[in-house]
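This report refers to the structure that appears directly beneath it.
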Amino acid sequence: MKLFSTYRLGDLELANRMVMAPMTRSRALDGNVPNPMAATYYVQRSSAGLIITEAAQVSPQGVGYIRTPGIHLPEQIAGWKRITDAVHRAGGKIFAQLWHVGRVSHPDFHDGELPVAPSALPVAGEVFTPQGNKRIVTPRALELDEIPGIVEQFCNGAENAKTAGFDGVEIHGANGYLLDQFLRDGSNRRSDAYGGSIRNRARLPLEVTEAVVGVWGPQRVGYRIAPFFPAYSMSDSNPIETYSYLATELDRQKLGYLHIFEGLSGSTAPPDGKSRMTPILRNLFKGTYIVNGGYDADTGSAVIERGEADLVAYGVLYLANPDLPERFRRKALLNTPDFTTFYTGEERGYIDYPPLT
């Protein structure tokens, strides 16, 4: 089965073609320091060909959820270093996902200040703040002279990830967060150099990518997208054109990989033919291509056999099955995920899923 074959990602040799997808777990300690338990959590899953961590905010401005780890303070970097050391001792490979939520936040996280976005547009949805669930507020638009600071935040996050011992980084350009907000015309109504045309809307994502590549080199950098993600009032009038342009430009930068979540928000099934953009983007992006969204052992192996992907990322299945590659190999029963402990429960639902015996 192709899923279990080794794979060369740049200069990294992956033990198999299974990727642990990034998943927020909301277990960080005060100060958004990674929880020591996270070392156990990731080591348990170190048989993945590649682990991509839960998203780590690149600055205080990038916070939008409680108990999510950052990668901008010394104590956060030290917390991640304990994790990467443990994963490497177990033989695993691990990338950090770099994150700025943009407008998907609340003033409670920012000393009463508004969250930032490309444009001051209302946003549907709620966020869980330290004071409980609250509706997302209308953000303020970033000033033109603030945008270089966003690039610098991602660049610093990339440098900190290197200090923390990661094998590389993934830029979070998906799920309605800041870079996605700039890219899509439903959330970006700017009239300056960062809005209007596709080229302008993609300017910040590509500037961030160029800066991160400057830290790591292109082969150790990936970029995640979710073209059909509809939550948080996200939309685009021509997603095929928008993401084709982005994929082409990322390919020009010779990025290590493009990681696509193909489904819709909340979907656990592979996307239907109408919503699949992979056949288009796969022809435009020549580097490693990772698909994510509802795959199992058979469909994951099949998408690789068809040449539509090089690697397959698994989210909930990895959350509930730390030894997922071995379970797939043995065709063993899978643990049932406990949805009530995805974002709470400390050890329960985090490091207590049983392995095969």
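In the structure tokens, each chain is lettered A, B, ... as it comes, each chain's residues begin at 1, and ligands are numbered from 1 in order of appearance.
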Check your understanding: as a ChimeraX atom specification, which residues of segment 96-224 of chain A does DSSP assign to helix (DSSP H, G or I)?
Key -> /A:107-109,144-163,178-183,198-201,203-216,218-220
Please produce a file of those selected residues containing N, CA and C atoms, as a CSV table (one decimal), in the first residue's frame.
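As written to disk, result10.csv reads:
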chain,number,residue,atom,x,y,z
A,107,PRO,N,-12.1,41.4,21.6
A,107,PRO,CA,-11.3,42.4,22.4
A,107,PRO,C,-10.9,41.8,23.8
A,108,ASP,N,-11.5,40.8,24.3
A,108,ASP,CA,-11.1,40.2,25.6
A,108,ASP,C,-9.7,39.7,25.5
A,109,PHE,N,-9.2,39.3,24.3
A,109,PHE,CA,-7.9,38.8,24.2
A,109,PHE,C,-6.8,40.0,24.0
A,144,LEU,N,-2.1,50.5,6.2
A,144,LEU,CA,-1.1,50.1,5.3
A,144,LEU,C,0.3,50.0,5.9
A,145,ASP,N,0.6,50.9,6.8
A,145,ASP,CA,1.9,50.9,7.4
A,145,ASP,C,2.1,49.8,8.5
A,146,GLU,N,1.0,49.1,8.8
A,146,GLU,CA,1.0,48.1,9.8
A,146,GLU,C,1.3,46.7,9.2
A,147,ILE,N,1.1,46.6,7.9
A,147,ILE,CA,1.2,45.3,7.2
A,147,ILE,C,2.6,44.7,7.2
A,148,PRO,N,3.7,45.5,7.1
A,148,PRO,CA,5.0,45.0,7.2
A,148,PRO,C,5.3,44.3,8.6
A,149,GLY,N,4.6,44.8,9.6
A,149,GLY,CA,4.7,44.2,10.9
A,149,GLY,C,4.1,42.8,11.0
A,150,ILE,N,3.1,42.6,10.2
A,150,ILE,CA,2.5,41.2,10.1
A,150,ILE,C,3.5,40.3,9.5
A,151,VAL,N,4.2,40.7,8.5
A,151,VAL,CA,5.2,39.9,7.8
A,151,VAL,C,6.3,39.6,8.9
A,152,GLU,N,6.7,40.6,9.6
A,152,GLU,CA,7.7,40.4,10.6
A,152,GLU,C,7.3,39.5,11.7
A,153,GLN,N,6.0,39.5,12.1
A,153,GLN,CA,5.6,38.5,13.1
A,153,GLN,C,5.7,37.1,12.6
A,154,PHE,N,5.4,36.8,11.4
A,154,PHE,CA,5.5,35.5,10.8
A,154,PHE,C,7.0,35.1,10.7
A,155,CYS,N,7.8,36.1,10.3
A,155,CYS,CA,9.3,35.8,10.2
A,155,CYS,C,9.9,35.5,11.6
A,156,ASN,N,9.5,36.2,12.6
A,156,ASN,CA,10.0,35.9,13.9
A,156,ASN,C,9.5,34.6,14.4
A,157,GLY,N,8.2,34.2,14.1
A,157,GLY,CA,7.7,32.9,14.4
A,157,GLY,C,8.5,31.8,13.8
A,158,ALA,N,8.9,32.0,12.5
A,158,ALA,CA,9.7,31.1,11.8
A,158,ALA,C,11.1,30.9,12.5
A,159,GLU,N,11.7,32.0,12.9
A,159,GLU,CA,13.0,32.0,13.5
A,159,GLU,C,12.9,31.3,14.9
A,160,ASN,N,11.8,31.6,15.6
A,160,ASN,CA,11.6,30.9,16.9
A,160,ASN,C,11.4,29.4,16.8
A,161,ALA,N,10.7,29.0,15.7
A,161,ALA,CA,10.5,27.6,15.4
A,161,ALA,C,11.8,26.9,15.2
A,162,LYS,N,12.7,27.6,14.5
A,162,LYS,CA,14.1,27.0,14.3
A,162,LYS,C,14.8,26.9,15.6
A,163,THR,N,14.7,27.9,16.5
A,163,THR,CA,15.4,27.8,17.8
A,163,THR,C,14.8,26.7,18.6
A,178,LEU,N,-6.1,35.1,9.2
A,178,LEU,CA,-5.7,36.4,8.6
A,178,LEU,C,-5.2,36.3,7.2
A,179,LEU,N,-4.4,35.4,6.9
A,179,LEU,CA,-3.9,35.3,5.5
A,179,LEU,C,-5.0,34.9,4.5
A,180,ASP,N,-5.9,34.0,5.0
A,180,ASP,CA,-7.0,33.6,4.2
A,180,ASP,C,-8.0,34.8,4.0
A,181,GLN,N,-8.1,35.6,5.0
A,181,GLN,CA,-8.9,36.8,5.0
A,181,GLN,C,-8.4,37.8,3.9
A,182,PHE,N,-7.1,38.0,3.8
A,182,PHE,CA,-6.5,38.8,2.8
A,182,PHE,C,-6.7,38.3,1.4
A,183,LEU,N,-6.7,36.9,1.3
A,183,LEU,CA,-6.7,36.3,-0.1
A,183,LEU,C,-8.1,36.4,-0.7
A,198,ILE,N,-6.6,39.8,-7.7
A,198,ILE,CA,-6.1,38.6,-7.0
A,198,ILE,C,-4.6,38.8,-6.7
A,199,ARG,N,-3.9,39.4,-7.6
A,199,ARG,CA,-2.5,39.7,-7.3
A,199,ARG,C,-2.3,40.5,-6.0
A,200,ASN,N,-3.1,41.5,-5.9
A,200,ASN,CA,-3.0,42.3,-4.7
A,200,ASN,C,-3.5,41.6,-3.4
A,201,ARG,N,-4.6,40.8,-3.5
A,201,ARG,CA,-5.1,40.1,-2.3
A,201,ARG,C,-4.1,39.0,-1.9
A,203,ARG,N,-0.9,39.3,-2.1
A,203,ARG,CA,0.4,40.0,-1.8
A,203,ARG,C,0.9,39.6,-0.4
A,204,LEU,N,0.0,39.8,0.6
A,204,LEU,CA,0.5,39.5,2.0
A,204,LEU,C,0.8,38.0,2.2
A,205,PRO,N,-0.1,37.1,1.8
A,205,PRO,CA,0.3,35.7,1.9
A,205,PRO,C,1.7,35.4,1.3
A,206,LEU,N,1.9,36.0,0.1
A,206,LEU,CA,3.2,35.7,-0.6
A,206,LEU,C,4.4,36.4,0.0
A,207,GLU,N,4.2,37.6,0.6
A,207,GLU,CA,5.2,38.3,1.3
A,207,GLU,C,5.6,37.5,2.6
A,208,VAL,N,4.6,37.0,3.3
A,208,VAL,CA,4.8,36.2,4.5
A,208,VAL,C,5.6,34.9,4.1
A,209,THR,N,5.2,34.3,3.0
A,209,THR,CA,5.9,33.1,2.6
A,209,THR,C,7.4,33.4,2.2
A,210,GLU,N,7.6,34.4,1.5
A,210,GLU,CA,9.0,34.8,1.1
A,210,GLU,C,9.8,35.0,2.4
A,211,ALA,N,9.2,35.7,3.4
A,211,ALA,CA,10.0,36.0,4.6
A,211,ALA,C,10.3,34.7,5.3
A,212,VAL,N,9.4,33.8,5.4
A,212,VAL,CA,9.6,32.5,6.1
A,212,VAL,C,10.6,31.6,5.4
A,213,VAL,N,10.5,31.6,4.1
A,213,VAL,CA,11.5,30.9,3.2
A,213,VAL,C,12.9,31.5,3.5
A,214,GLY,N,12.9,32.8,3.7
A,214,GLY,CA,14.2,33.4,4.0
A,214,GLY,C,14.9,32.8,5.3
A,215,VAL,N,14.0,32.4,6.2
A,215,VAL,CA,14.6,31.8,7.4
A,215,VAL,C,14.9,30.3,7.3
A,216,TRP,N,14.0,29.6,6.6
A,216,TRP,CA,14.1,28.1,6.5
A,216,TRP,C,14.7,27.5,5.2
A,218,PRO,N,13.2,27.1,1.1
A,218,PRO,CA,11.9,26.7,0.6
A,218,PRO,C,11.5,25.3,0.9
A,219,GLN,N,12.4,24.3,1.0
A,219,GLN,CA,12.0,22.9,1.1
A,219,GLN,C,11.5,22.6,2.5
A,220,ARG,N,11.8,23.5,3.5
A,220,ARG,CA,11.3,23.2,4.9
A,220,ARG,C,10.1,24.0,5.2
Review point. Tyr65 of chain A: which residues within 8 Å, counting only C-alpha atoms, same-chain residues fewer than 4 positions away excluded, as an MDAnalysis selection string?
Key: chainID A and resid 26 105 127:129
Review point. For Asp296 of chain A, which residue among A:Ala56, A:Leu114, A:Leu284, A:Val312 is the nearest when counting only C-alpha atoms?
Key: A:Val312
Exercise for review: Would you list the contacts of Ser119 of chain A as a PyMOL selection string, taking every protein, DNA or RNA residue within 8 Å and counting only C-alpha atoms, but skipping same-chain residues closer than 4 positions in sequence?
Suggested key: chain A and resi 139-142+187-190
Check your understanding: If we count only C-alpha atoms, what is near segment 236-251 of chain A at a cut-off of 9 Å, once residues fewer than 4 positions away on the same chain are taken out, given as a PyMOL selection string?
Key -> chain A and resi 183-187+198-199+202+205-206+209+223+225+227-228+255-258+277+280-282+284-287
**Study point:** Residue among A:Ser301, A:Ser233, A:Gln253, A:Thr336 lying closest to Asn16 of chain A, counting only C-alpha atoms
**Key:**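 Going through A:Ser301, A:Ser233, A:Gln253, A:Thr336 one by one, the smallest distance to Asn16 of chain A is for A:Ser301.
Within segment 83-169 of chain A, the backbone-based DSSP assignment of strand (DSSP E) covers Ile94, Phe95, Ala96, Gln97, Leu98, Trp99, Val116, Ala117, Glu126, Val127, Phe128, Thr129, Gly132, Asn133, Lys134, Arg135, Arg140, Ala141, Gly168 and Val169 of chain A.
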Check your understanding: Which of these, A:His88, A:Pro354, A:Arg82, A:Ile290, has the shortest distance to Gly307 of chain A once you count only C-alpha atoms?
Key -> A:Ile290
Check your understanding: Which residues come within 12 Å of Leu356 of chain A, counting only C-alpha atoms, excluding same-chain residues fewer than 5 positions away, as a PyMOL selection string?
Key -> chain A and resi 44+320-335
**Study point:** Non-local contacts of Ile260 of chain A (6 Å; only C-alpha atoms; under 4 positions in same chain excluded) as a PyMOL selection string
**Key:** chain A and resi 224-226+291
Study note, to complete from the structure: Separating atom CA of His110 of chain A from atom CA of Val123 of chain A, to the nearest tenth of an Å, is a gap of 17.5 Å
Point to revise | Atomic distance atom CA of Ala55 of chain A - atom CA of Pro118 of chain A, expressed in Å with one decimal | key: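 Separation between atom CA of Ala55 of chain A and atom CA of Pro118 of chain A: 20.6 Å.
Distance check against Ala90 of chain A using only C-alpha atoms: of A:Ala48, A:Met234, A:Val33, A:Leu73, the minimum falls on A:Ala48.
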Check your understanding: What is the distance, in Å and to one decimal place, between atom CA of Asp30 of chain A and atom CA of Ile66 of chain A?
Key ->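 Atom CA of Ile66 of chain A lies 9.7 Å from atom CA of Asp30 of chain A.
Minimum distance to Met37 of chain A across A:Arg103, A:Arg135, A:His172, A:Arg348 (counting only C-alpha atoms) occurs at A:Arg348.
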